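J.: Structure provided below as structure tokens; questions to follow.
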Amino acid sequence: MFISVVWFLLAAVGVSATSQVDPRWKHESPWNKRQDPTPVQAAAPSPVPDKSSFVSTEGSSFKVNNSNFKFIGTNAYWLPALNSDEDIDHVLGNISQSNITVVRTWAFNDVPEIPENGTWFQLVANGTTSVNLNETTGLPKLDRIISMAQKHGIYLLLSLTNNWNPLPLDNVTNSTTSSILRRDVLTNNSLPRNSLSNDYGGMDAYVRAFGADSHDAFYTNETIIAAFENYTTQIVTRYVNSTSVLAWEIANDPRCNSSIGATPICNTTTITRWHARIAQLVTRLDPNHLISSGSQGFFCADCPKVFQKTSPPPSHPSAAVSRRNKIEPLTKKRILQERKEARKKTRALKIASEPPSGGVRVRGKWVATPTRRQDDVGMGSAFDGSAGVDSEDILSIPDIGFGSFQLFPDQNQYAPDDPNLSAFNNTLQAGLDWIKRHGEASQMFGKPITLTGFGLVTQDNAPSFVPFNSTVAPFANDQIGNLTFNATQSPFGVTDAQRDDAYAQWLQQGIASGLTGMIQYQWGQGNLTAVDGTAISPTITENGIVPVQDQNGISPSDGYSTAGVGQESVEGTLQGAAQQFVPDA
């Protein structure tokens, strides 16, 4: 049975490209053969640029216009949610002036019903999907973003969906998320729709709309896969000739679980095979652009492999990489041995330095809800496959052009804490080791690897910090900056100085490890047009007589924004790295 695709135009709201699943799916198994969707044509086909104008790879390096290409980038998931083209141009111009050449943003915005205000790209509801072609609120807005990026010499890394989209009725097992709230103009809650990075729809928007009951149905249910392939086809074919698109990112942080639980059978091969299927589709539709996963970069040496060979392919290292020591394959034995040796060194240093006892807890951890843990917890969730991600197997997929990984120590545990180090130094060292590990993978597999998102929550940002798998700020009422209302608890987050130190060291480690790109999370921007009910809404202040509405808005934040205090120091750190991030001689 094939899925029938019905195309129609709803002129009143500018909705087009609707795909509707045949009603007979309701009575048949979802594990059936699919039909490739028909692409929606862009407004006018653009001439095909020279092939060298697109970013490509050569071994573990990027190439563009016949030259090596390395970059420092930033994240702005909210870019399509801005209220005016002038604001978009303003943001991209400021980013460009900071020597940042890549912006990672969402190329999706799924809604279960058409909102009253703001941007949306696709209606996903009741087993149907409809793409929004309205000039003001729909995909033409993304057209203009791509055009303005080209104007400012910026490449866009476009993500096609997101693992995270928590809602109140999800079967969440983490008790801390029991107070999840909807944030959109339809329910008039405090944060408007699109304020948080997990409020743009994504995988679970499809899971809910098509009546599935597990998160991993997104990877296995043929009906849902066909719907996502339909949207992917429309986006990819729309920008196939755009040289401002760096690459397609299949998904942000894909995993077996989210706020909706996973089935017991979801594992690394489930997600690897799904990556291969989507990557093959994108390659067929768009031979001009590279494809990457967008995953957190978790490893699993002992997991079964779909594409990874026992012996990795011969690498094509750059001159700088070729001078490094030979890299050994990642194994459980090697990981545990390296941890043991590192702990010996830190213990010896601690004894030699005899630091004063005591200290302040600098930060806490917010770990995403696990699906389950394997018996061997000694490896840790970043290495045991419990999230369903094996980044080396994904990197081995022929259609995956380069690897990706992320670094968010506030939400993920990348290594066991070393008792000989302070809380901050544990965070710092875990990041350095994580970056080094992926640099080695790039050398071993002969493909570029980029750090697509890294960030730390500061004490000033802690009250607005919302974990990716939640919709509430756990520290919103606990502290103001580095002052906590609980005398027995230290404030959450790092100081601005610690953040700057960590960012600088992580960037330097990335350069030394041969990473091709590193993208900070996230850019912050003020002086934006504020409109009621949108992600950039007016703020209310008191002038002593009556409330005054401030029409100058600030970009959304889920706790990592650089806007405000410390913004110049972060931008200076990124600029410094960008000046060093030059092609090898």
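Residue names in the structure tokens use chain letters A, B, ... in the order shown, residue numbers from 1 in each chain, and ligand numbers from 1 in the order shown.
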As a VMD selection string, list the residues of stretch 112-358 of chain A assigned to strand (DSSP E or B) by DSSP on the backbone atoms of this structure.
T.: chain A and resid 122 to 125 128 to 132 155 to 159 162 245 to 249 252 290 to 292
J.: Write a file of the selected residues as a compact mmCIF listing (two decimals), in the first residue's frame, keeping N, CA and C atoms.
T.:
```txt
# COMPACT_ATOMS: atom_id res chain seq x y z
N GLN A 122 5.25 24.51 9.00
CA GLN A 122 4.49 23.31 8.65
C GLN A 122 3.43 23.02 9.72
N LEU A 123 2.22 22.78 9.24
CA LEU A 123 1.15 22.30 10.10
C LEU A 123 1.20 20.78 10.12
N VAL A 124 1.34 20.20 11.30
CA VAL A 124 1.40 18.75 11.45
C VAL A 124 0.29 18.36 12.41
N ALA A 125 -0.79 17.80 11.89
CA ALA A 125 -1.96 17.53 12.72
C ALA A 125 -2.84 16.47 12.09
N THR A 128 -1.90 14.56 8.92
CA THR A 128 -1.63 15.32 7.70
C THR A 128 -0.54 16.35 7.97
N THR A 129 0.07 16.81 6.88
CA THR A 129 1.06 17.88 6.99
C THR A 129 0.81 18.91 5.90
N SER A 130 0.97 20.18 6.22
CA SER A 130 0.77 21.26 5.26
C SER A 130 1.87 22.29 5.43
N VAL A 131 2.55 22.62 4.36
CA VAL A 131 3.63 23.59 4.41
C VAL A 131 3.08 25.00 4.20
N ASN A 132 3.58 25.95 4.95
CA ASN A 132 3.13 27.33 4.91
C ASN A 132 3.98 28.13 3.93
N TYR A 155 27.59 31.37 5.90
CA TYR A 155 27.02 30.08 5.52
C TYR A 155 26.04 29.63 6.60
N LEU A 156 24.96 28.96 6.17
CA LEU A 156 23.95 28.47 7.10
C LEU A 156 24.00 26.95 7.19
N LEU A 157 24.06 26.45 8.41
CA LEU A 157 23.91 25.03 8.67
C LEU A 157 22.46 24.82 9.10
N LEU A 158 21.68 24.18 8.24
CA LEU A 158 20.22 24.10 8.42
C LEU A 158 19.82 22.73 8.97
N SER A 159 19.21 22.76 10.13
CA SER A 159 18.74 21.54 10.78
C SER A 159 17.29 21.27 10.38
N ASN A 162 14.14 18.29 15.23
CA ASN A 162 14.73 18.33 16.57
C ASN A 162 14.24 17.14 17.38
N VAL A 245 24.07 27.81 1.74
CA VAL A 245 23.81 26.68 2.62
C VAL A 245 25.09 25.88 2.77
N LEU A 246 25.62 25.81 3.98
CA LEU A 246 26.82 25.01 4.23
C LEU A 246 26.51 23.53 4.07
N ALA A 247 25.45 23.10 4.73
CA ALA A 247 25.12 21.67 4.73
C ALA A 247 23.73 21.48 5.32
N TRP A 248 23.23 20.26 5.13
CA TRP A 248 21.98 19.84 5.76
C TRP A 248 22.30 19.03 7.00
N GLU A 249 21.70 19.42 8.11
CA GLU A 249 21.81 18.65 9.34
C GLU A 249 20.52 17.86 9.51
N ASN A 252 18.65 17.69 15.09
CA ASN A 252 19.38 18.15 16.27
C ASN A 252 19.28 17.10 17.38
N LEU A 290 26.57 19.11 1.44
CA LEU A 290 26.99 18.06 2.37
C LEU A 290 25.86 17.73 3.33
N ILE A 291 25.98 16.58 3.98
CA ILE A 291 24.99 16.11 4.95
C ILE A 291 25.71 15.71 6.22
N SER A 292 25.12 16.09 7.35
CA SER A 292 25.66 15.70 8.65
C SER A 292 24.54 15.22 9.54
```
J.: Might you pull out every residue within 8 Å of A:Phe121, with only C-alpha atoms counted and same-chain residues fewer than 4 positions away left off, and present them as JSON, numbers by chain?
T.: {"A": [108, 109, 110, 111, 131, 132, 133, 137, 138, 139]}
J.: Return the single residue from A:Gln579, A:Ser52, A:Gln296, A:Thr119 that is closest to A:Leu142, with distances computed using only C-alpha atoms.
T.: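 The answer is A:Thr119, which sits nearest to A:Leu142.
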J.: Rounded to one decimal place, report the atom CA of A:Pro416-atom CA of A:Gly380 distance in Å.
T.: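 Taking atom CA of A:Pro416 and atom CA of A:Gly380, their separation equals 7.2 Å.
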J.: Considering only C-alpha atoms, return as an MDAnalysis selection string whatever protein or nucleic-acid residues lie within 12 Å of A:Asp500, sequence-local ones (same chain, fewer than 5 positions apart) excluded.
T.: chainID A and resid 428 455:458 494:495 505:507 520 562 566:574 576
J.: Using N, CA and C atoms, can you export the residues from the last selection as a PDB file, in the first residue's frame?
T.:
```pdb
ATOM      1  N   LEU A 428      35.628  21.567  32.737  1.00  0.00           N
ATOM      2  CA  LEU A 428      36.609  22.001  31.749  1.00  0.00           C
ATOM      3  C   LEU A 428      37.326  20.812  31.130  1.00  0.00           C
ATOM      4  N   GLY A 455      28.222  25.125  25.020  1.00  0.00           N
ATOM      5  CA  GLY A 455      27.807  26.219  25.877  1.00  0.00           C
ATOM      6  C   GLY A 455      27.817  25.848  27.342  1.00  0.00           C
ATOM      7  N   LEU A 456      27.947  26.865  28.172  1.00  0.00           N
ATOM      8  CA  LEU A 456      27.850  26.741  29.621  1.00  0.00           C
ATOM      9  C   LEU A 456      26.837  27.761  30.131  1.00  0.00           C
ATOM     10  N   VAL A 457      26.088  27.379  31.124  1.00  0.00           N
ATOM     11  CA  VAL A 457      25.141  28.287  31.756  1.00  0.00           C
ATOM     12  C   VAL A 457      25.878  29.083  32.829  1.00  0.00           C
ATOM     13  N   THR A 458      25.788  30.393  32.765  1.00  0.00           N
ATOM     14  CA  THR A 458      26.404  31.234  33.787  1.00  0.00           C
ATOM     15  C   THR A 458      25.424  31.480  34.932  1.00  0.00           C
ATOM     16  N   VAL A 494      28.337  28.748  36.129  1.00  0.00           N
ATOM     17  CA  VAL A 494      29.706  29.238  36.247  1.00  0.00           C
ATOM     18  C   VAL A 494      29.701  30.759  36.247  1.00  0.00           C
ATOM     19  N   THR A 495      30.809  31.331  36.653  1.00  0.00           N
ATOM     20  CA  THR A 495      30.951  32.777  36.542  1.00  0.00           C
ATOM     21  C   THR A 495      31.251  33.129  35.092  1.00  0.00           C
ATOM     22  N   GLN A 505      39.708  27.697  26.111  1.00  0.00           N
ATOM     23  CA  GLN A 505      40.468  26.441  26.114  1.00  0.00           C
ATOM     24  C   GLN A 505      39.840  25.402  25.193  1.00  0.00           C
ATOM     25  N   TRP A 506      38.519  25.341  25.155  1.00  0.00           N
ATOM     26  CA  TRP A 506      37.865  24.386  24.256  1.00  0.00           C
ATOM     27  C   TRP A 506      38.146  24.728  22.792  1.00  0.00           C
ATOM     28  N   LEU A 507      38.084  25.999  22.470  1.00  0.00           N
ATOM     29  CA  LEU A 507      38.372  26.411  21.093  1.00  0.00           C
ATOM     30  C   LEU A 507      39.813  26.088  20.718  1.00  0.00           C
ATOM     31  N   GLN A 520      29.505  28.053  18.584  1.00  0.00           N
ATOM     32  CA  GLN A 520      29.099  28.403  19.944  1.00  0.00           C
ATOM     33  C   GLN A 520      27.578  28.443  20.048  1.00  0.00           C
ATOM     34  N   THR A 562      24.323  35.037  24.933  1.00  0.00           N
ATOM     35  CA  THR A 562      25.410  35.937  25.311  1.00  0.00           C
ATOM     36  C   THR A 562      24.938  37.369  25.471  1.00  0.00           C
ATOM     37  N   GLY A 566      28.789  40.440  29.734  1.00  0.00           N
ATOM     38  CA  GLY A 566      29.714  39.415  29.275  1.00  0.00           C
ATOM     39  C   GLY A 566      29.670  39.138  27.795  1.00  0.00           C
ATOM     40  N   GLN A 567      28.776  39.807  27.065  1.00  0.00           N
ATOM     41  CA  GLN A 567      28.644  39.535  25.639  1.00  0.00           C
ATOM     42  C   GLN A 567      29.924  39.872  24.890  1.00  0.00           C
ATOM     43  N   GLU A 568      30.537  41.006  25.199  1.00  0.00           N
ATOM     44  CA  GLU A 568      31.742  41.415  24.486  1.00  0.00           C
ATOM     45  C   GLU A 568      32.882  40.432  24.707  1.00  0.00           C
ATOM     46  N   SER A 569      32.994  39.887  25.918  1.00  0.00           N
ATOM     47  CA  SER A 569      34.088  38.957  26.186  1.00  0.00           C
ATOM     48  C   SER A 569      33.918  37.655  25.414  1.00  0.00           C
ATOM     49  N   VAL A 570      32.678  37.168  25.305  1.00  0.00           N
ATOM     50  CA  VAL A 570      32.438  35.949  24.526  1.00  0.00           C
ATOM     51  C   VAL A 570      32.735  36.195  23.053  1.00  0.00           C
ATOM     52  N   GLU A 571      32.232  37.302  22.526  1.00  0.00           N
ATOM     53  CA  GLU A 571      32.490  37.610  21.121  1.00  0.00           C
ATOM     54  C   GLU A 571      33.979  37.792  20.871  1.00  0.00           C
ATOM     55  N   GLY A 572      34.696  38.384  21.835  1.00  0.00           N
ATOM     56  CA  GLY A 572      36.138  38.528  21.687  1.00  0.00           C
ATOM     57  C   GLY A 572      36.843  37.185  21.661  1.00  0.00           C
ATOM     58  N   THR A 573      36.370  36.243  22.474  1.00  0.00           N
ATOM     59  CA  THR A 573      36.946  34.897  22.481  1.00  0.00           C
ATOM     60  C   THR A 573      36.724  34.205  21.143  1.00  0.00           C
ATOM     61  N   LEU A 574      35.531  34.349  20.590  1.00  0.00           N
ATOM     62  CA  LEU A 574      35.232  33.749  19.292  1.00  0.00           C
ATOM     63  C   LEU A 574      36.059  34.397  18.188  1.00  0.00           C
ATOM     64  N   GLY A 576      38.967  35.806  18.508  1.00  0.00           N
ATOM     65  CA  GLY A 576      40.351  35.364  18.645  1.00  0.00           C
ATOM     66  C   GLY A 576      40.575  33.994  18.037  1.00  0.00           C
TER      67      GLY A 576
END
```
J.: From the set A:Ile397, A:Ala348, A:Thr450, A:Val306, which residue has the shortest atom-to-atom contact distance to A:Gln280, counting only C-alpha atoms?
T.: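 Once distances to A:Gln280 are computed over only C-alpha atoms, the minimum belongs to A:Ile397.
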J.: Near A:Thr331, counting only C-alpha atoms, which residues have an atom at most 10 Å away, once you skip same-chain residues fewer than 2 positions from it, shown as a list in words?
T.: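 What passes the distance filter is Phe299, Cys300, Ala301, Asp302, Glu328, Pro329, Lys333, Arg334, Ile335, Leu336, Gln337 and Phe383 of chain A.
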J.: Separation of atom CA of A:Asn461 and atom CA of A:Ile554, in Å?
T.: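 So the answer is 14.0 Å.
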J.: My list of candidates is A:Ala107, A:Ala212, A:Ala441, A:Cys266. Which is closest to A:Gln234 when distances are computed with only C-alpha atoms?
T.: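 Of A:Ala107, A:Ala212, A:Ala441, A:Cys266, the one nearest A:Gln234, counting only C-alpha atoms, is A:Ala107.
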